[in-house]
file model07.csv (CSV, C-alpha atoms)
chain,number,residue,atom,x,y,z
L,29,MET,CA,123.0,104.3,89.0
L,30,ASP,CA,126.2,105.6,87.4
L,31,ASN,CA,128.2,105.1,90.5
L,32,ASP,CA,128.1,101.6,92.0
L,33,LEU,CA,130.6,102.4,94.7
L,34,GLN,CA,128.5,105.3,96.0
L,35,LEU,CA,125.4,103.0,96.1
L,36,TRP,CA,127.3,100.4,98.2
L,37,ILE,CA,128.8,102.9,100.5
L,38,VAL,CA,125.3,104.4,101.1
L,39,MET,CA,123.7,100.9,101.6
L,40,ILE,CA,126.4,99.8,104.1
L,41,ALA,CA,126.4,103.1,106.0
L,42,LEU,CA,122.6,103.2,106.2
L,43,GLY,CA,122.5,99.6,107.3
L,44,ILE,CA,124.9,100.2,110.2
L,45,GLY,CA,123.5,103.6,111.0
L,46,SER,CA,119.9,102.4,111.0
L,47,PHE,CA,120.7,99.5,113.3
L,48,GLY,CA,122.6,101.9,115.5
L,49,LEU,CA,119.6,104.2,115.9
L,50,ARG,CA,117.3,101.3,116.7
L,51,PHE,CA,119.8,99.7,119.1
L,52,ALA,CA,120.8,103.0,120.8
L,53,PHE,CA,118.2,102.9,123.5
L,54,THR,CA,116.8,99.3,123.6
L,55,GLY,CA,120.4,97.9,123.7
L,56,LEU,CA,122.6,100.5,125.4
L,57,VAL,CA,120.5,102.9,127.5
L,58,GLY,CA,118.5,100.2,129.3
L,59,ASP,CA,116.3,101.7,132.0
L,60,ARG,CA,118.2,105.0,132.3
L,61,GLN,CA,116.3,108.2,131.9
L,62,MET,CA,117.1,110.4,128.8
L,63,PRO,CA,117.3,114.2,129.0
L,64,GLU,CA,113.9,115.9,128.6
L,65,TRP,CA,115.0,118.3,125.9
L,66,LEU,CA,116.2,115.4,123.7
L,67,LEU,CA,112.9,113.5,124.1
L,68,ARG,CA,111.0,116.7,123.3
L,69,HIS,CA,112.8,117.0,120.0
L,70,LEU,CA,112.7,113.3,119.2
L,71,ARG,CA,108.9,113.4,119.5
L,72,TYR,CA,108.6,115.5,116.4
L,73,THR,CA,111.2,113.8,114.1
L,74,ALA,CA,108.6,111.8,112.1
L,75,VAL,CA,106.2,114.8,111.6
L,76,ALA,CA,109.0,117.1,110.6
L,77,VAL,CA,111.2,114.9,108.4
L,78,LEU,CA,108.6,113.1,106.3
L,79,PRO,CA,106.6,116.3,105.4
L,80,ALA,CA,109.8,118.0,104.5
L,81,LEU,CA,110.7,115.1,102.2
L,82,VAL,CA,107.3,115.0,100.6
L,83,ALA,CA,106.5,118.7,100.1
L,84,PRO,CA,108.9,119.2,97.1
L,85,LEU,CA,107.8,115.9,95.5
L,86,VAL,CA,104.2,117.1,95.6
L,87,ALA,CA,104.8,120.7,94.5
L,88,TRP,CA,107.2,119.8,91.7
L,89,PRO,CA,106.7,116.2,90.6
L,90,ALA,CA,109.5,114.6,88.6
L,91,ALA,CA,107.0,112.8,86.4
L,92,THR,CA,105.8,116.2,85.0
L,93,ASN,CA,109.4,117.5,84.8
L,94,GLY,CA,108.8,119.7,87.9
L,95,GLU,CA,105.7,121.4,86.6
L,96,VAL,CA,102.9,121.8,89.2
L,97,ASP,CA,100.3,119.1,88.4
L,98,PRO,CA,96.7,119.6,89.5
L,99,ALA,CA,95.9,115.8,89.6
L,100,ARG,CA,98.9,115.0,91.9
L,101,LEU,CA,98.2,118.1,94.0
L,102,LEU,CA,94.6,117.2,94.6
L,103,ALA,CA,95.5,113.5,95.3
L,104,ALA,CA,98.0,114.7,97.9
L,105,PHE,CA,95.3,116.9,99.6
L,106,ALA,CA,92.8,114.0,99.5
L,107,ALA,CA,95.3,111.7,101.3
L,108,LEU,CA,96.1,114.3,103.8
L,109,ILE,CA,92.4,115.2,104.7
L,110,VAL,CA,91.2,111.6,104.8
L,111,GLY,CA,94.2,110.6,106.9
L,112,PHE,CA,93.8,113.5,109.3
L,113,VAL,CA,90.0,112.9,109.7
L,114,SER,CA,89.9,109.1,109.8
L,115,LYS,CA,93.3,108.5,111.4
L,116,ARG,CA,93.7,105.5,109.1
L,117,ALA,CA,96.7,105.3,106.9
L,118,MET,CA,95.2,102.7,104.6
L,119,ALA,CA,92.0,104.8,104.0
L,120,ALA,CA,94.2,107.8,103.2
L,121,ILE,CA,96.3,105.8,100.6
L,122,LEU,CA,93.1,104.5,98.9
L,123,ALA,CA,91.6,108.0,98.8
L,124,GLY,CA,94.8,109.5,97.4
L,125,ILE,CA,95.1,106.9,94.7
L,126,ALA,CA,91.4,107.1,93.8
L,127,VAL,CA,91.6,110.9,93.4
L,128,LEU,CA,94.8,110.6,91.4
L,129,TYR,CA,93.4,108.1,88.9
L,130,VAL,CA,90.1,110.0,88.5
L,131,MET,CA,91.9,113.3,88.0
L,132,LEU,CA,94.4,111.8,85.5
L,133,TRP,CA,91.6,110.2,83.6
L,134,TRP,CA,89.5,113.4,83.7
L,135,LEU,CA,92.2,115.8,82.7
L,136,GLY,CA,93.5,113.3,80.1
F,24,MET,CA,116.4,95.9,138.2
F,25,GLY,CA,115.9,92.4,139.6
F,26,ASN,CA,114.8,93.8,143.0
F,27,CYS,CA,111.6,91.8,143.2
F,28,ILE,CA,111.4,89.3,146.0
F,29,GLY,CA,109.8,85.8,145.8
F,30,ARG,CA,107.0,85.2,143.4
F,31,ALA,CA,106.7,88.6,142.0
F,32,LEU,CA,106.9,89.7,138.3
F,33,ASP,CA,109.6,92.3,137.7
F,34,VAL,CA,108.0,94.6,135.2
F,35,GLY,CA,109.5,98.0,134.5
F,36,ARG,CA,109.9,99.9,137.7
F,37,PHE,CA,107.3,98.0,139.6
F,38,CYS,CA,106.9,94.5,141.2
F,39,TYR,CA,103.6,92.8,140.6
F,40,PRO,CA,102.8,90.0,143.0
F,41,VAL,CA,101.7,86.8,141.4
F,42,TYR,CA,98.7,85.4,143.0
F,43,GLU,CA,98.0,82.4,140.7
F,44,LEU,CA,99.8,80.2,138.3
F,45,PRO,CA,99.7,81.7,134.8
F,46,ALA,CA,97.0,80.2,132.6
F,47,MET,CA,97.8,78.6,129.3
F,48,SER,CA,96.8,81.8,127.5
F,49,SER,CA,99.6,83.8,129.1
F,50,THR,CA,102.6,81.7,127.9
F,51,PRO,CA,105.2,83.4,125.8
F,52,ASP,CA,104.3,80.9,123.0
F,53,SER,CA,100.7,82.1,122.8
F,54,ALA,CA,101.9,85.7,123.0
F,55,PHE,CA,103.8,85.0,119.8
F,56,TRP,CA,100.7,83.9,118.0
F,57,GLN,CA,98.7,86.8,119.4
F,58,GLY,CA,101.3,89.1,118.0
F,59,PHE,CA,101.3,87.2,114.7
F,60,ARG,CA,97.5,87.8,114.4
F,61,ASP,CA,97.8,91.5,115.2
F,62,GLY,CA,100.6,91.9,112.7
F,63,LEU,CA,98.9,90.1,109.8
F,64,PRO,CA,96.7,92.9,108.5
F,65,TYR,CA,99.7,95.2,108.1
F,66,LEU,CA,100.9,93.0,105.3
F,67,LEU,CA,98.4,95.1,103.2
F,68,VAL,CA,100.4,98.2,104.1
F,69,VAL,CA,103.9,96.8,104.0
F,70,GLY,CA,103.5,94.6,100.9
F,71,PRO,CA,102.7,97.2,98.3
F,72,PHE,CA,105.3,99.6,99.8
F,73,GLY,CA,108.0,96.9,99.5
F,74,MET,CA,107.0,96.1,95.9
F,75,LEU,CA,107.0,99.8,95.1
F,76,PHE,CA,110.6,100.0,96.4
F,77,GLY,CA,111.6,97.2,94.2
F,78,VAL,CA,110.1,98.9,91.2
F,79,VAL,CA,111.5,102.3,91.9
F,80,ALA,CA,114.9,100.8,92.7
F,81,THR,CA,115.2,99.1,89.3
F,82,GLU,CA,114.0,102.2,87.6
F,83,ALA,CA,116.8,104.1,89.3
F,84,GLY,CA,119.2,101.6,87.8
F,85,LEU,CA,119.8,99.1,90.6
F,86,ASN,CA,119.8,95.4,89.7
F,87,VAL,CA,117.6,92.9,91.5
F,88,PHE,CA,120.4,91.8,93.9
F,89,GLU,CA,121.2,95.4,94.9
F,90,ALA,CA,117.5,96.2,95.5
F,91,LEU,CA,117.0,93.2,97.7
F,92,THR,CA,120.3,93.8,99.6
F,93,PHE,CA,119.1,97.4,100.2
F,94,SER,CA,115.9,96.2,101.8
F,95,VAL,CA,117.6,93.5,103.9
F,96,MET,CA,120.3,95.7,105.2
F,97,VAL,CA,118.3,98.9,105.9
F,98,ILE,CA,114.7,97.5,106.4
F,99,ALA,CA,113.2,101.0,106.5
F,100,GLY,CA,111.1,102.1,103.6
F,101,ALA,CA,111.1,105.8,104.1
F,102,ALA,CA,114.9,106.0,104.5
F,103,GLN,CA,115.4,103.7,101.5
F,104,PHE,CA,113.2,105.9,99.3
F,105,THR,CA,115.0,109.0,100.5
F,106,ALA,CA,118.4,107.6,99.7
F,107,LEU,CA,117.3,106.4,96.3
F,108,GLN,CA,115.8,109.8,95.5
F,109,LEU,CA,118.9,111.7,96.5
F,110,LEU,CA,121.2,109.2,94.7
F,111,GLN,CA,119.3,109.9,91.5
F,112,ASP,CA,119.5,113.7,92.1
F,113,GLY,CA,123.3,113.2,92.2
F,114,ALA,CA,123.7,114.4,95.8
F,115,PRO,CA,127.0,113.8,97.6
F,116,THR,CA,127.4,110.5,99.5
F,117,ILE,CA,127.5,112.1,102.9
F,118,VAL,CA,124.3,114.1,102.2
F,119,VAL,CA,122.5,111.0,101.1
F,120,ILE,CA,123.5,109.1,104.2
F,121,LEU,CA,122.7,112.0,106.6
F,122,SER,CA,119.4,112.7,105.1
F,123,ALA,CA,118.3,109.1,105.1
F,124,LEU,CA,119.5,108.7,108.7
F,125,ALA,CA,117.5,111.8,109.6
F,126,VAL,CA,114.4,110.1,108.2
F,127,ASN,CA,115.3,107.2,110.5
F,128,LEU,CA,115.8,109.3,113.6
F,129,ARG,CA,112.3,108.3,114.6
F,130,MET,CA,113.6,104.7,115.1
F,131,ALA,CA,115.7,106.1,118.0
F,132,MET,CA,112.5,107.4,119.4
F,133,TYR,CA,110.8,104.0,119.0
F,134,SER,CA,113.8,102.4,120.6
F,135,ALA,CA,113.7,104.8,123.5
F,136,SER,CA,110.0,104.1,124.0
F,137,LEU,CA,110.3,100.3,123.8
F,138,THR,CA,113.2,100.3,126.3
F,139,PRO,CA,111.1,100.3,129.5
F,140,HIS,CA,109.3,97.2,128.1
F,141,ILE,CA,112.0,95.0,126.6
F,142,GLY,CA,115.1,96.7,127.9
F,143,LYS,CA,115.8,93.8,130.3
F,144,ALA,CA,115.5,91.0,127.8
F,145,PRO,CA,118.7,89.0,126.9
F,146,MET,CA,121.1,91.0,124.7
F,147,TRP,CA,120.6,88.8,121.6
F,148,GLN,CA,116.9,89.3,121.8
F,149,ARG,CA,117.3,93.1,122.1
F,150,ALA,CA,119.6,93.1,119.1
F,151,VAL,CA,117.2,91.1,116.9
F,152,ALA,CA,114.3,93.3,118.2
F,153,ALA,CA,116.3,96.4,117.3
F,154,TYR,CA,116.9,95.3,113.7
F,155,PHE,CA,113.2,94.6,113.3
F,156,THR,CA,112.0,97.9,114.9
F,157,VAL,CA,109.9,99.4,112.1
F,158,ASP,CA,106.9,101.7,112.1
F,159,GLN,CA,104.4,98.9,112.2
F,160,SER,CA,106.1,96.6,114.7
F,161,TYR,CA,106.6,99.5,117.0
F,162,ALA,CA,103.1,101.0,116.7
F,163,ILE,CA,101.4,97.6,117.3
F,164,SER,CA,103.6,96.5,120.1
F,165,ILE,CA,103.6,99.7,122.1
F,166,THR,CA,99.8,99.8,122.0
F,167,THR,CA,99.5,96.3,123.3
F,168,PHE,CA,102.3,96.7,126.0
F,169,GLU,CA,100.6,99.8,127.3
F,170,LYS,CA,97.3,98.0,127.6
F,171,ASN,CA,98.9,95.1,129.4
F,172,PRO,CA,101.4,96.5,132.0
F,173,ASP,CA,101.4,93.2,133.9
F,174,TRP,CA,103.0,91.2,131.0
F,175,SER,CA,106.4,89.7,131.7
F,176,VAL,CA,109.5,90.8,129.6
F,177,ALA,CA,109.6,87.4,128.0
F,178,ARG,CA,105.9,87.6,127.0
F,179,LYS,CA,106.4,91.1,125.5
F,180,VAL,CA,109.4,89.9,123.5
F,181,SER,CA,107.5,86.9,122.2
F,182,TYR,CA,104.6,89.2,121.2
F,183,PHE,CA,107.0,91.6,119.4
F,184,PHE,CA,108.6,88.6,117.5
F,185,GLY,CA,105.1,87.5,116.6
F,186,VAL,CA,104.2,90.9,115.2
F,187,ILE,CA,107.3,91.0,112.9
F,188,THR,CA,106.9,87.5,111.6
F,189,PRO,CA,104.2,88.1,109.0
F,190,VAL,CA,105.3,91.7,108.3
F,191,CYS,CA,109.1,91.9,107.8
F,192,PRO,CA,109.9,88.8,105.6
F,193,MET,CA,107.2,90.2,103.2
F,194,TRP,CA,109.3,93.4,103.0
F,195,TYR,CA,112.1,91.3,101.4
F,196,VAL,CA,109.9,89.1,99.3
F,197,LEU,CA,107.9,92.0,97.7
F,198,THR,CA,111.0,94.1,97.2
F,199,LEU,CA,112.2,91.1,95.1
F,200,VAL,CA,108.9,90.8,93.3
F,201,GLY,CA,108.9,94.6,92.5
F,202,ALA,CA,112.5,94.5,91.3
F,203,ILE,CA,111.8,91.6,89.0
F,204,LEU,CA,108.6,93.2,87.6
F,205,GLY,CA,110.5,96.4,87.4
F,206,SER,CA,109.7,98.6,84.5
F,207,ALA,CA,107.0,96.3,83.3
F,208,ILE,CA,104.5,98.6,85.0
F,209,PRO,CA,103.6,101.4,82.5
F,210,PRO,CA,103.9,105.1,83.4
F,211,GLU,CA,100.1,105.6,83.1
F,212,PHE,CA,99.8,104.0,86.5
F,213,ALA,CA,101.6,107.1,87.9
F,214,LEU,CA,103.6,104.9,90.4
F,215,ASP,CA,105.9,107.8,90.8
F,216,PHE,CA,103.2,109.3,93.1
F,217,ALA,CA,102.6,106.2,95.2
F,218,LEU,CA,105.5,107.2,97.4
F,219,PRO,CA,104.3,110.8,98.3
F,220,ILE,CA,100.7,109.4,98.9
F,221,THR,CA,102.0,106.7,101.2
F,222,PHE,CA,104.1,109.1,103.2
F,223,ILE,CA,101.2,111.6,103.5
F,224,ALA,CA,99.0,108.8,104.6
F,225,MET,CA,101.5,107.9,107.3
F,226,ILE,CA,101.9,111.5,108.5
F,227,ALA,CA,98.3,112.7,108.5
F,228,PRO,CA,97.1,110.5,111.4
F,229,MET,CA,100.1,111.7,113.5
F,230,LEU,CA,99.0,115.3,113.3
F,231,ARG,CA,97.0,115.1,116.5
F,232,SER,CA,98.1,118.1,118.5
F,233,LEU,CA,99.1,121.7,118.0
F,234,PRO,CA,102.9,121.0,118.4
F,235,HIS,CA,102.6,118.2,115.8
F,236,LEU,CA,100.7,120.4,113.4
F,237,SER,CA,103.2,123.3,113.8
F,238,ALA,CA,106.2,121.0,113.3
F,239,ALA,CA,104.8,119.6,110.1
F,240,THR,CA,103.7,123.0,108.7
F,241,VAL,CA,107.0,124.6,109.4
F,242,ALA,CA,108.8,121.6,107.8
F,243,VAL,CA,106.7,121.8,104.7
F,244,VAL,CA,107.1,125.6,104.2
F,245,MET,CA,110.8,125.5,104.9
F,246,ALA,CA,111.3,122.5,102.6
F,247,LEU,CA,109.8,124.5,99.8
F,248,VAL,CA,111.7,127.7,100.6
F,249,CYS,CA,115.0,125.8,101.1
F,250,ALA,CA,114.6,123.6,98.0
F,251,PRO,CA,117.2,125.6,96.0
F,252,LEU,CA,119.8,125.0,98.6
F,253,PRO,CA,122.8,123.0,97.3
F,254,LEU,CA,123.6,119.4,98.2
F,255,ASN,CA,119.9,118.7,99.0
F,256,LEU,CA,120.5,120.3,102.4
F,257,GLY,CA,117.0,121.8,102.3
F,258,LEU,CA,115.6,118.6,103.7
F,259,LEU,CA,117.9,118.6,106.7
F,260,VAL,CA,117.4,122.3,107.4
F,261,ALA,CA,113.6,122.0,107.1
F,262,ALA,CA,113.4,118.9,109.3
F,263,LEU,CA,115.5,120.4,112.1
F,264,LEU,CA,113.5,123.6,112.0
F,265,GLY,CA,110.3,121.5,112.1
F,266,MET,CA,111.5,119.5,115.2
F,267,MET,CA,112.6,122.7,117.0
F,268,THR,CA,109.2,124.2,116.3
F,269,GLY,CA,107.4,121.2,117.6
F,270,ALA,CA,109.5,121.2,120.8
F,271,GLN,CA,109.0,125.0,121.4
F,272,VAL,CA,105.2,124.9,120.7
F,273,GLU,CA,105.0,122.0,123.2
F,274,LEU,CA,106.8,124.0,125.8
F,275,PHE,CA,104.5,127.0,125.1
F,276,VAL,CA,101.3,124.9,125.3
F,277,GLU,CA,102.5,123.4,128.6
F,278,ARG,CA,103.3,126.7,130.1
F,279,ARG,CA,100.0,128.2,129.2
F,280,LYS,CA,98.2,125.2,130.7
F,281,LEU,CA,100.2,125.7,134.0
F,282,LYS,CA,99.3,129.4,134.0
F,283,GLN,CA,95.6,128.7,133.5
F,284,GLU,CA,95.6,126.2,136.3
F,285,ALA,CA,97.3,128.7,138.5
F,286,ALA,CA,94.9,131.4,137.7
call {"tool": "encode", "arguments": {"input": "model07.csv", "output": "structure tokens"}}
result
Amino acid sequence: MDNDLQLWIVMIALGIGSFGLRFAFTGLVGDRQMPEWLLRHLRYTAVAVLPALVAPLVAWPAATNGEVDPARLLAAFAALIVGFVSKRAMAAILAGIAVLYVMLWWLG
Amino acid sequence: MGNCIGRALDVGRFCYPVYELPAMSSTPDSAFWQGFRDGLPYLLVVGPFGMLFGVVATEAGLNVFEALTFSVMVIAGAAQFTALQLLQDGAPTIVVILSALAVNLRMAMYSASLTPHIGKAPMWQRAVAAYFTVDQSYAISITTFEKNPDWSVARKVSYFFGVITPVCPMWYVLTLVGAILGSAIPPEFALDFALPITFIAMIAPMLRSLPHLSAATVAVVMALVCAPLPLNLGLLVAALLGMMTGAQVELFVERRKLKQEAA
């Protein structure tokens, strides 16, 4: 990292911010009810943020300098399908890694 | 609440009368060990992930101390990876922080969902529990709490602490191991792709309804479309649109159900 100061600012801000998010309700809200519209959006944070983060990494991997890579693309689909069908994260990880290694070996 | 009279357990919004003395198996102490046993298998998920963070962090130029500090302060794999990726891309500090916090917004949702169960524990316990609220501790605990609505607050807190004991310290330890091993792992192992695969594996089982599927699909499409946006704002835009889609589709599905019931 070229910029140590930036790294430390990010780490400290993330540390405080993450604790704040985790403490917001357990610590401060207590038993009070939250507005329905907010809960309705919060329900979809994980399934929106994580796919948005992953999609460009799958489509244009840094390891291949942003070129579409069939091995990585297939590995991603394998993890997605196995995870969707089996509902098990560990099975999906193993399937993804297996397909990735087989494809990398096969395509040389 | 504290509005329960006499020998009644004050759980959530209800009072449960206590008809017999609790057996040995229902003490907070045994709840801790039950949680410990339930948390133990998740070592297999958290361990490699922590190690991967250590490896990726050193490859990004962090030293061992910085990598470990990162894991101890933030203790959230997905957010840590996001921040690291954006730092490497040279994104502005505020964008790095906001994007990583957006990834962690789900923690607020976990916190909200745990509140009816442990919201009445002493403040220091709630603060410690908040720090250790991660995907695994939340998922395991909420499943058990919902199966055992008669558990006391103390017992639920003990269980939660039991769950995190085998899981969270290993996050630190394996970050350290990964950081020390660092670039000793050759590129042929394609470790660059362990992160996307892990994230996909975490998301796929969550896609259990039409609103979830719609939210994820819109997020993916918009992330690809918005990729050229400056300051890595594409992630935030795509995530917000995905969340709004999920909320709207949920409303639509509910309304259609109501109409069908009325017809």
call {"tool": "closest_residue", "arguments": {"input": "model07.csv", "among": "F:Ile208, F:Ala262, F:Val157, F:Leu274", "to": "chain L", "atoms": "only C-alpha atoms"}}
result
F:Ala262
call {"tool": "atom_distance", "arguments": {"input": "model07.csv", "atom1": "atom CA of Tyr161 of chain F", "atom2": "atom CA of Ser237 of chain F"}}
result
24.3 Å
call {"tool": "residues_around", "arguments": {"input": "model07.csv", "residues": "Pro98 of chain L", "least_positions_apart": "6", "cutoff": "12 Å", "atoms": "all atoms listed in the file", "output": "MDAnalysis selection string"}}
result
chainID L and resid 86:89 92 104:105 127:132 134:136
call {"tool": "residues_around", "arguments": {"input": "model07.csv", "residues": "Ile117 of chain F", "least_positions_apart": "3", "cutoff": "12 Å", "atoms": "only C-alpha atoms", "output": "PyMOL selection string"}}
result
(chain L and resi 34-35+37-39+41-42) or (chain F and resi 106+109-110+113-114+120-124+254-256)
call {"tool": "residues_near_point", "arguments": {"input": "model07.csv", "point": "(120.4, 100.2, 115.2)", "cutoff": "12 Å", "atoms": "only C-alpha atoms", "output": "VMD selection string"}}
result
(chain L and resid 41 to 56) or (chain F and resid 96 to 99 124 127 to 135 149 to 157)
call {"tool": "closest_residue", "arguments": {"input": "model07.csv", "among": "F:Gln108, F:Thr167, F:Ser94, F:Thr221", "to": "Val196 of chain F", "atoms": "all atoms listed in the file"}}
result
F:Ser94
call {"tool": "residues_around", "arguments": {"input": "model07.csv", "residues": "Leu81 of chain L", "least_positions_apart": "6", "cutoff": "8 Å", "atoms": "only C-alpha atoms", "output": "MDAnalysis selection string"}}
result
chainID F and resid 105 246 258
call {"tool": "atom_distance", "arguments": {"input": "model07.csv", "atom1": "atom CA of Asn93 of chain L", "atom2": "atom CA of Asp215 of chain F"}}
result
11.9 Å
call {"tool": "atom_distance", "arguments": {"input": "model07.csv", "atom1": "atom CA of Val77 of chain L", "atom2": "atom CA of Phe275 of chain F"}}
result
21.7 Å
call {"tool": "closest_residue", "arguments": {"input": "model07.csv", "among": "L:Ile40, L:Leu70, L:Leu33, L:Ala120", "to": "Met267 of chain F", "atoms": "only C-alpha atoms"}}
result
L:Leu70
call {"tool": "closest_residue", "arguments": {"input": "model07.csv", "among": "L:Phe112, L:Trp36, L:Trp133, L:Trp65", "to": "chain F", "atoms": "only C-alpha atoms"}}
result
L:Phe112
call {"tool": "closest_residue", "arguments": {"input": "model07.csv", "among": "L:Val110, L:Ala74, L:Pro63, L:Asp97", "to": "Gly124 of chain L", "atoms": "all atoms listed in the file"}}
result
L:Val110
call {"tool": "closest_residue", "arguments": {"input": "model07.csv", "among": "F:Gly205, F:Gly100, F:Thr166, F:Phe55", "to": "Glu82 of chain F", "atoms": "all atoms listed in the file"}}
result
F:Gly205
call {"tool": "residues_near_point", "arguments": {"input": "model07.csv", "point": "(93.0, 111.9, 104.0)", "cutoff": "8 Å", "atoms": "all atoms listed in the file", "output": "list in words"}}
result
Phe105, Ala106, Ala107, Leu108, Ile109, Val110, Gly111, Phe112, Val113, Ser114, Ala119, Ala120, Ile121, Ala123 and Gly124 of chain L; Ala224 and Ala227 of chain F
call {"tool": "residues_around", "arguments": {"input": "model07.csv", "residues": "segment 171-182 of chain F", "least_positions_apart": "2", "cutoff": "6 Å", "atoms": "only C-alpha atoms", "output": "list in words"}}
result
Pro51, Ala54, Phe55, Gly58, Ile141, Phe168, Glu169, Phe184 and Gly185 of chain F
call {"tool": "residues_around", "arguments": {"input": "model07.csv", "residues": "Ala91 of chain L", "least_positions_apart": "4", "cutoff": "9 Å", "atoms": "all atoms listed in the file", "output": "VMD selection string"}}
result
(chain L and resid 95) or (chain F and resid 210 213 215 to 216)
